[in-house]
Amino acid sequence: MSEQGVSRRNLLQNAGIAVGAGVLGAVGYTVYGPGGHDAPYSSPGGGISSGTVLAPVADIPDGGGVVLTKTKIVLTRTGSQVAAFSAVCTHEACLVNNVQNGLISCPCHGSTFDAATGAVRNGPATAPLPAVPVHIVDNSVVMG
């Protein structure tokens, strides 16, 4: 066989490698890829429903907050006012990770949000964090 010809075996091997790489790429994108710009909030899964206790108010620092990674909710507190928002950044669907000095921060691209309102304070995010309805019962933050 000449050097210019392609053997059937080499063709099939290279095709198999290409298909495998494509499948791995698709799986990787599905698992680790972005959630889409300005991805809308979808209510947290895992059986979280109205009436579920999220955290004691005492566990939320005044002027700061806590990120509940399991439910993907961030709770913030200013004095006696408690607010709750989706913890999923509206830019690339990363989980926010910090609440300090009145700002909720996303580690992925540096977006910050107002801890009292969820409004964008610094991009690249352009949409606010969606509010999550909560109320206080017996000094605990409760869904709904």
# chains A, B, ... in the order shown; residues from 1 in each chain; ligands from 1
>>> residues_around(residues="Pro124 in chain A", least_positions_apart="2", cutoff="7 Å", atoms="only C-alpha atoms", output="list in words")
His91, Ser111, Asn122 and Thr126 of chain A
>>> write_last_selection(atoms="C-alpha atoms", output="short mmCIF file (atom, residue, chain, number, x, y, z; two decimals), in the first residue's frame")
data_model
loop_
_atom_site.label_atom_id
_atom_site.label_comp_id
_atom_site.auth_asym_id
_atom_site.auth_seq_id
_atom_site.Cartn_x
_atom_site.Cartn_y
_atom_site.Cartn_z
CA HIS A 91 -24.51 35.42 34.40
CA SER A 111 -20.41 39.76 39.55
CA ASN A 122 -21.20 44.97 39.32
CA THR A 126 -27.10 41.94 33.91
#
>>> select_by_dssp(residues="range 38-142 of chain A", states="strand (DSSP E or B)", output="number ranges by chain")
A: 53-56, 65-68, 73-78, 81-86, 88, 95, 98-100, 103-105, 112-114, 120-122, 131, 134-137, 140-142
>>> write_last_selection(atoms="C-alpha atoms", output="tab-separated table (two decimals), in the first residue's frame")
chain	number	residue	atom	x	y	z
A	53	VAL	CA	-36.98	25.79	57.78
A	54	LEU	CA	-33.86	27.10	56.04
A	55	ALA	CA	-31.82	28.48	58.96
A	56	PRO	CA	-32.09	30.16	62.35
A	65	GLY	CA	-25.44	36.41	54.93
A	66	VAL	CA	-25.11	32.69	54.36
A	67	VAL	CA	-25.13	30.64	51.18
A	68	LEU	CA	-27.13	27.43	51.46
A	73	ILE	CA	-30.49	29.91	48.31
A	74	VAL	CA	-28.60	32.85	49.81
A	75	LEU	CA	-30.01	34.41	52.98
A	76	THR	CA	-29.03	37.97	53.90
A	77	ARG	CA	-29.73	40.12	56.96
A	78	THR	CA	-29.66	43.81	57.65
A	81	GLN	CA	-34.68	42.43	57.87
A	82	VAL	CA	-33.99	39.04	56.29
A	83	ALA	CA	-34.03	38.50	52.52
A	84	ALA	CA	-33.59	35.38	50.40
A	85	PHE	CA	-32.46	35.05	46.80
A	86	SER	CA	-31.45	32.36	44.37
A	88	VAL	CA	-27.32	30.89	41.27
A	95	LEU	CA	-23.11	29.46	42.79
A	98	ASN	CA	-19.82	35.14	49.81
A	99	VAL	CA	-21.94	37.82	51.46
A	100	GLN	CA	-20.07	40.75	53.03
A	103	LEU	CA	-22.76	42.53	48.65
A	104	ILE	CA	-23.36	39.00	47.42
A	105	SER	CA	-20.34	37.86	45.37
A	112	THR	CA	-21.77	41.31	42.74
A	113	PHE	CA	-25.36	41.81	43.85
A	114	ASP	CA	-27.01	44.02	46.46
A	120	VAL	CA	-26.74	43.79	40.12
A	121	ARG	CA	-24.08	46.07	41.59
A	122	ASN	CA	-21.20	44.97	39.32
A	131	ALA	CA	-36.06	36.74	45.24
A	134	VAL	CA	-39.44	33.48	53.01
A	135	HIS	CA	-40.82	34.52	56.37
A	136	ILE	CA	-39.73	34.27	60.00
A	137	VAL	CA	-41.31	31.71	62.33
A	140	SER	CA	-36.07	30.79	61.96
A	141	VAL	CA	-36.21	31.59	58.24
A	142	VAL	CA	-38.92	29.49	56.59
>>> atom_distance(atom1="CA of Met143 in chain A", atom2="CA of Cys108 in chain A")
27.4 Å
>>> residues_around(residues="Asn101 in chain A", least_positions_apart="5", cutoff="9 Å", atoms="only C-alpha atoms", output="list in words")
Gly63, Gly64 and Ala115 of chain A
>>> write_last_selection(atoms="N, CA and C atoms", output="mmCIF file, in the first residue's frame")
data_model
loop_
_atom_site.group_PDB
_atom_site.id
_atom_site.type_symbol
_atom_site.label_atom_id
_atom_site.label_comp_id
_atom_site.auth_asym_id
_atom_site.auth_seq_id
_atom_site.Cartn_x
_atom_site.Cartn_y
_atom_site.Cartn_z
ATOM 1 N N GLY A 63 -25.555 42.338 58.395
ATOM 2 C CA GLY A 63 -24.725 42.974 57.378
ATOM 3 C C GLY A 63 -24.089 41.986 56.420
ATOM 4 N N GLY A 64 -24.393 40.721 56.594
ATOM 5 C CA GLY A 64 -23.835 39.684 55.735
ATOM 6 C C GLY A 64 -24.898 38.677 55.373
ATOM 7 N N ALA A 115 -27.129 42.917 48.617
ATOM 8 C CA ALA A 115 -27.592 41.903 49.566
ATOM 9 C C ALA A 115 -29.022 42.153 50.039
#
>>> atom_distance(atom1="CA of Gly110 in chain A", atom2="CA of Val96 in chain A")
9.7 Å
>>> residues_around(residues="Gly118 in chain A", least_positions_apart="6", cutoff="7 Å", atoms="only C-alpha atoms", output="list in words")
Phe85, Pro128, Leu129 and Pro130 of chain A
